[in-house]
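Colleague: My questions all concern the structure below.
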Amino acid sequence: MEYKTLNNGIQMPVLGFGVFQIPDKNECIDSVAEAIRVGYRLIDTAASYGNEEAVGIAIKRSPVDRSELFITTKIWIQDVGYEKTRKAFEKSLAKLQLDYLDLLLIHQPYGDIFGAWRAMEELYQEGKVRAIGVSNFPDYRVMDLIVHSQIKPAINQVETHPFCQQQGSAEFLAANGVQIESWGPFAEGRNNLFSNELLASIGENHHKSVAQVVLRWLIQRGVIAIPKSTKPERIAQNFDIFDFSLSESEMDAIKGLDQGKSLFFDHQDPAMVKFLSERRID
């Protein structure tokens, strides 16, 4: 495994396992258990995914020592704010059956993010969280948080894949000491990613799948990736990306796929802000 050093000196694996859209408890337990067995050490969940409990069970059953794992969860919009964030953290920690978290993120850039951030700074200072960060934050909101807080975010987890490459944001984050992390590295298969001719051709050059090419491309860019799958063969295949490298010309060719916009939704669309903010979780 390769690692990135976060701005507080913590080492984070460059490749992890995501559990978004694995709502079935047993399927999530089995998938996380298989990922850990294969070699993944970074596991990414969120309160809004509804599967923290399943992730916790898989971790508890694993023979891998807790100190070798890097566990991330996220605070949903309804729990943003000083008191609410502290309570939400304790709830997530209990569901995960853990004594501490490796990374805690604000899931969306809405609501009382500064109240939430103060709570997260305290959790960090108390040793209950090893690193704190954000998700889906546009660059100006990241800077807003940096300028007006004691602790700068260690991570910004954003949509990043061949069709939405976040080149400008990646440069901005790197310049300000914030690590970029990709959610949706495969764009959930949109734009026929898995049959893309360029990616398939590059894969043939290395005897690798399109998924493996995408993950290798992200890692060579310095982007942390958290692919998700419930199929054991795919879980293993997505982990098998450390025995090859893409050439400079291949990296440049993939740049040409960038469409410069989300394939999902605009976080600055007022209707989407309202929709997400009204979505409640248990």
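Ordering of the structure tokens sets the chain letters (A, B, ...), residue numbers begin anew at 1 in every chain, and ligands are numbered from 1 in the order given.
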List as a list in words the protein and nucleic acid residues near segment 223-235 of chain A, meaning an atom at most 6 Å away when only C-alpha atoms are counted, but skip any in the same chain fewer than 2 places from it.
Modeller: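 The residues that qualify are Val14, Leu15, Gly16, Phe17, Gly18, Val19, Ser31, Ile180, Glu181, Ser182, Leu218, Ile219, Arg221, Gln237 and Asn238 of chain A.
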Colleague: Produce a file of the selected residues containing N, CA and C atoms, as a short mmCIF file (atom, residue, chain, number, x, y, z; two decimals), in the first residue's frame.
Modeller:
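Result saved to again-v1.cif:
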data_model
loop_
_atom_site.label_atom_id
_atom_site.label_comp_id
_atom_site.auth_asym_id
_atom_site.auth_seq_id
_atom_site.Cartn_x
_atom_site.Cartn_y
_atom_site.Cartn_z
N VAL A 14 -3.66 5.52 0.07
CA VAL A 14 -4.09 6.20 -1.15
C VAL A 14 -5.28 5.48 -1.79
N LEU A 15 -5.53 4.25 -1.37
CA LEU A 15 -6.64 3.48 -1.91
C LEU A 15 -7.47 2.92 -0.77
N GLY A 16 -8.77 3.13 -0.84
CA GLY A 16 -9.65 2.63 0.21
C GLY A 16 -10.88 1.96 -0.37
N PHE A 17 -11.80 1.63 0.51
CA PHE A 17 -13.03 0.94 0.12
C PHE A 17 -14.21 1.77 0.57
N GLY A 18 -15.08 2.15 -0.38
CA GLY A 18 -16.26 2.94 -0.07
C GLY A 18 -17.49 2.07 0.03
N VAL A 19 -18.47 2.50 0.84
CA VAL A 19 -19.67 1.69 1.05
C VAL A 19 -20.95 2.45 0.72
N SER A 31 -19.01 -7.37 2.34
CA SER A 31 -18.16 -6.61 1.42
C SER A 31 -16.99 -5.97 2.14
N ILE A 180 -6.76 16.13 -1.69
CA ILE A 180 -7.96 15.81 -2.44
C ILE A 180 -8.23 14.31 -2.39
N GLU A 181 -9.50 13.96 -2.23
CA GLU A 181 -9.93 12.56 -2.22
C GLU A 181 -11.11 12.42 -3.16
N SER A 182 -11.14 11.35 -3.93
CA SER A 182 -12.19 11.14 -4.92
C SER A 182 -13.33 10.30 -4.38
N LEU A 218 -5.83 8.08 -10.98
CA LEU A 218 -6.09 8.93 -9.82
C LEU A 218 -4.91 8.94 -8.87
N ILE A 219 -4.39 7.78 -8.55
CA ILE A 219 -3.29 7.68 -7.60
C ILE A 219 -2.04 8.38 -8.12
N ARG A 221 -2.02 10.90 -9.95
CA ARG A 221 -2.29 12.33 -9.82
C ARG A 221 -2.19 12.80 -8.37
N GLN A 237 -9.84 -7.04 -7.70
CA GLN A 237 -9.27 -6.43 -8.90
C GLN A 237 -8.97 -4.95 -8.68
N ASN A 238 -9.86 -4.23 -8.01
CA ASN A 238 -9.65 -2.81 -7.77
C ASN A 238 -8.44 -2.55 -6.86
#
Colleague: Write out as a Markdown table a residue-level contact list of segment 216-254 of chain A versus segment 191-200 of chain A with cut-off 10 Å: for each qualifying residue the closest pair of atoms and the distance in Å to one decimal, counting only C-alpha atoms, rows sorted by chain and residue number upward.
Modeller:
| residue | atom | partner | partner_atom | distance |
| --- | --- | --- | --- | --- |
| A:Glu250 | CA | A:Leu199 | CA | 9.2 |
| A:Ala253 | CA | A:Leu198 | CA | 8.0 |
| A:Ile254 | CA | A:Leu199 | CA | 7.6 |
Colleague: Rank nothing, just name the residue among A:Asp112, A:Asp266, A:Glu2, A:Glu188 nearest to Phe242 of chain A, using only C-alpha atoms.
Modeller: A:Glu2
Colleague: Check segment 57-136 of chain A with DSSP on the backbone and list each residue it calls strand (DSSP E), as a PyMOL selection string.
Modeller: chain A and resi 70-75+103-106+132-135
Colleague: Need to verify the contact set: segment 92-105 of chain A, 9 Å, only C-alpha atoms, exclusion of same-chain residues closer than 6 positions in sequence. Can you return it as a ChimeraX atom specification?
Modeller: /A:12,46-47,51-57,59-60,66,69-75,120,127-135,153-157
Colleague: I need the residues of segment 51-237 of chain A that end up classed as alpha helix (DSSP H) by DSSP on the backbone, written out as a PyMOL selection string.
Modeller: chain A and resi 52-61+82-96+113-125+139-147+167-175+197-206+210-220+232-237
Colleague: For the selection you just gave me, I'd like the residues written to a file as a PDB file, in the first residue's frame, keeping C-alpha atoms.
Modeller:
ATOM      1  CA  GLU A  52     -22.175   2.478   9.888  1.00  0.00           C
ATOM      2  CA  GLU A  53     -23.392  -0.364  12.073  1.00  0.00           C
ATOM      3  CA  ALA A  54     -22.616  -2.940   9.386  1.00  0.00           C
ATOM      4  CA  VAL A  55     -19.148  -1.454   8.858  1.00  0.00           C
ATOM      5  CA  GLY A  56     -18.557  -1.622  12.601  1.00  0.00           C
ATOM      6  CA  ILE A  57     -19.525  -5.290  12.738  1.00  0.00           C
ATOM      7  CA  ALA A  58     -17.138  -6.134   9.890  1.00  0.00           C
ATOM      8  CA  ILE A  59     -14.312  -4.252  11.623  1.00  0.00           C
ATOM      9  CA  LYS A  60     -15.051  -5.987  14.919  1.00  0.00           C
ATOM     10  CA  ARG A  61     -14.943  -9.404  13.292  1.00  0.00           C
ATOM     11  CA  TYR A  82     -21.628  22.605  17.502  1.00  0.00           C
ATOM     12  CA  GLU A  83     -23.868  20.589  19.853  1.00  0.00           C
ATOM     13  CA  LYS A  84     -25.488  18.530  17.113  1.00  0.00           C
ATOM     14  CA  THR A  85     -22.127  17.584  15.618  1.00  0.00           C
ATOM     15  CA  ARG A  86     -20.763  16.349  18.942  1.00  0.00           C
ATOM     16  CA  LYS A  87     -23.878  14.228  19.458  1.00  0.00           C
ATOM     17  CA  ALA A  88     -23.763  12.912  15.897  1.00  0.00           C
ATOM     18  CA  PHE A  89     -20.118  11.970  16.323  1.00  0.00           C
ATOM     19  CA  GLU A  90     -20.870   9.955  19.468  1.00  0.00           C
ATOM     20  CA  LYS A  91     -23.762   8.239  17.685  1.00  0.00           C
ATOM     21  CA  SER A  92     -21.558   7.290  14.738  1.00  0.00           C
ATOM     22  CA  LEU A  93     -18.776   6.102  17.028  1.00  0.00           C
ATOM     23  CA  ALA A  94     -21.233   3.853  18.887  1.00  0.00           C
ATOM     24  CA  LYS A  95     -22.603   2.381  15.650  1.00  0.00           C
ATOM     25  CA  LEU A  96     -19.064   1.709  14.435  1.00  0.00           C
ATOM     26  CA  ILE A 113     -20.450  24.486   9.192  1.00  0.00           C
ATOM     27  CA  PHE A 114     -18.422  26.715  11.513  1.00  0.00           C
ATOM     28  CA  GLY A 115     -20.248  25.415  14.575  1.00  0.00           C
ATOM     29  CA  ALA A 116     -19.625  21.889  13.322  1.00  0.00           C
ATOM     30  CA  TRP A 117     -15.992  22.684  12.664  1.00  0.00           C
ATOM     31  CA  ARG A 118     -15.474  24.011  16.207  1.00  0.00           C
ATOM     32  CA  ALA A 119     -16.866  20.751  17.545  1.00  0.00           C
ATOM     33  CA  MET A 120     -14.601  18.770  15.231  1.00  0.00           C
ATOM     34  CA  GLU A 121     -11.560  20.807  16.252  1.00  0.00           C
ATOM     35  CA  GLU A 122     -12.325  19.912  19.874  1.00  0.00           C
ATOM     36  CA  LEU A 123     -12.763  16.224  19.014  1.00  0.00           C
ATOM     37  CA  TYR A 124      -9.395  16.350  17.265  1.00  0.00           C
ATOM     38  CA  GLN A 125      -7.728  18.062  20.225  1.00  0.00           C
ATOM     39  CA  ASP A 139     -12.705  25.985  -3.299  1.00  0.00           C
ATOM     40  CA  TYR A 140     -13.985  29.270  -1.875  1.00  0.00           C
ATOM     41  CA  ARG A 141     -15.671  27.492   1.034  1.00  0.00           C
ATOM     42  CA  VAL A 142     -12.467  25.585   1.774  1.00  0.00           C
ATOM     43  CA  MET A 143     -10.593  28.884   1.886  1.00  0.00           C
ATOM     44  CA  ASP A 144     -13.329  30.401   4.063  1.00  0.00           C
ATOM     45  CA  LEU A 145     -12.800  27.556   6.544  1.00  0.00           C
ATOM     46  CA  ILE A 146      -9.008  27.851   6.396  1.00  0.00           C
ATOM     47  CA  VAL A 147      -9.038  31.602   7.040  1.00  0.00           C
ATOM     48  CA  GLN A 167      -7.750  19.733 -12.130  1.00  0.00           C
ATOM     49  CA  GLY A 168      -8.107  23.311 -10.897  1.00  0.00           C
ATOM     50  CA  SER A 169      -9.405  22.326  -7.476  1.00  0.00           C
ATOM     51  CA  ALA A 170      -6.635  19.748  -7.095  1.00  0.00           C
ATOM     52  CA  GLU A 171      -4.047  22.473  -7.698  1.00  0.00           C
ATOM     53  CA  PHE A 172      -5.795  24.849  -5.281  1.00  0.00           C
ATOM     54  CA  LEU A 173      -6.038  22.218  -2.544  1.00  0.00           C
ATOM     55  CA  ALA A 174      -2.410  21.136  -2.972  1.00  0.00           C
ATOM     56  CA  ALA A 175      -1.252  24.761  -2.778  1.00  0.00           C
ATOM     57  CA  GLU A 197     -12.352   3.168 -25.977  1.00  0.00           C
ATOM     58  CA  LEU A 198      -9.407   5.216 -24.721  1.00  0.00           C
ATOM     59  CA  LEU A 199      -9.462   3.740 -21.223  1.00  0.00           C
ATOM     60  CA  ALA A 200      -9.939   0.230 -22.610  1.00  0.00           C
ATOM     61  CA  SER A 201      -7.012   0.704 -24.996  1.00  0.00           C
ATOM     62  CA  ILE A 202      -4.760   1.875 -22.169  1.00  0.00           C
ATOM     63  CA  GLY A 203      -5.916  -1.095 -20.128  1.00  0.00           C
ATOM     64  CA  GLU A 204      -4.952  -3.469 -22.929  1.00  0.00           C
ATOM     65  CA  ASN A 205      -1.459  -1.957 -22.941  1.00  0.00           C
ATOM     66  CA  HIS A 206      -1.039  -3.001 -19.317  1.00  0.00           C
ATOM     67  CA  VAL A 210     -10.744   0.073 -17.242  1.00  0.00           C
ATOM     68  CA  ALA A 211     -11.454   0.298 -13.505  1.00  0.00           C
ATOM     69  CA  GLN A 212      -7.814  -0.447 -12.698  1.00  0.00           C
ATOM     70  CA  VAL A 213      -6.649   2.190 -15.204  1.00  0.00           C
ATOM     71  CA  VAL A 214      -8.922   4.819 -13.626  1.00  0.00           C
ATOM     72  CA  LEU A 215      -7.711   4.061 -10.109  1.00  0.00           C
ATOM     73  CA  ARG A 216      -4.072   4.084 -11.218  1.00  0.00           C
ATOM     74  CA  TRP A 217      -4.647   7.417 -12.992  1.00  0.00           C
ATOM     75  CA  LEU A 218      -6.091   8.932  -9.820  1.00  0.00           C
ATOM     76  CA  ILE A 219      -3.287   7.680  -7.597  1.00  0.00           C
ATOM     77  CA  GLN A 220      -0.602   8.933  -9.989  1.00  0.00           C
ATOM     78  CA  PRO A 232     -15.393 -10.227  -4.361  1.00  0.00           C
ATOM     79  CA  GLU A 233     -13.646 -10.461  -7.731  1.00  0.00           C
ATOM     80  CA  ARG A 234     -14.073  -6.724  -8.333  1.00  0.00           C
ATOM     81  CA  ILE A 235     -12.994  -5.855  -4.809  1.00  0.00           C
ATOM     82  CA  ALA A 236      -9.780  -7.794  -5.393  1.00  0.00           C
ATOM     83  CA  GLN A 237      -9.272  -6.429  -8.900  1.00  0.00           C
TER      84      GLN A 237
END
Colleague: Just to confirm, what's the straight-line distance from atom CA of Leu276 of chain A to atom CA of His107 of chain A in Å (one decimal)?
Modeller: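 Between atom CA of Leu276 of chain A and atom CA of His107 of chain A the gap is 10.8 Å.
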Colleague: Using only C-alpha atoms, which of A:Pro109, A:Phe239, A:Ser149, A:Asp65 sits nearest Tyr40 of chain A?
Modeller: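 Between A:Pro109, A:Phe239, A:Ser149, A:Asp65, the residue approaching Tyr40 of chain A most closely is A:Phe239.
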Colleague: I want to know what sits within 10 Å of Arg190 of chain A, based on only C-alpha atoms, with residues of the same chain fewer than 5 positions away left out; could you give that as a list in words?
Modeller: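 Skipping anything fewer than 5 positions along the chain leaves Phe163, Leu263 and Phe264 of chain A.
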Colleague: Please list as an MDAnalysis selection string every residue within 10 Å of Glu278 of chain A, counting only C-alpha atoms and excluding residues in the same chain fewer than 4 positions away.
Modeller: chainID A and resid 77:78 272:274
Colleague: Can you tell me which residues surround Gln259 of chain A at a distance of at most 10 Å, considering only C-alpha atoms, apart from same-chain residues fewer than 5 positions away, and format the answer as number ranges by chain?
Modeller: A: 162-166
Colleague: Would you mind exporting the chosen residues as a PDB file, in the first residue's frame, restricted to C-alpha atoms?
Modeller:
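Contents of the output file out_22.pdb:
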ATOM      1  CA  PRO A 162     -12.113  10.954 -15.858  1.00  0.00           C
ATOM      2  CA  PHE A 163     -15.132  13.050 -16.899  1.00  0.00           C
ATOM      3  CA  CYS A 164     -14.919  15.455 -13.926  1.00  0.00           C
ATOM      4  CA  GLN A 165     -11.219  15.651 -13.161  1.00  0.00           C
ATOM      5  CA  GLN A 166     -11.110  18.613 -10.733  1.00  0.00           C
TER       6      GLN A 166
END
Colleague: Kindly give the distance, in Å, that separates atom CA of Tyr49 of chain A and atom CA of Phe20 of chain A, rounded to a single decimal.
Modeller: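 Value for the atom CA of Tyr49 of chain A-atom CA of Phe20 of chain A distance: 5.9 Å.
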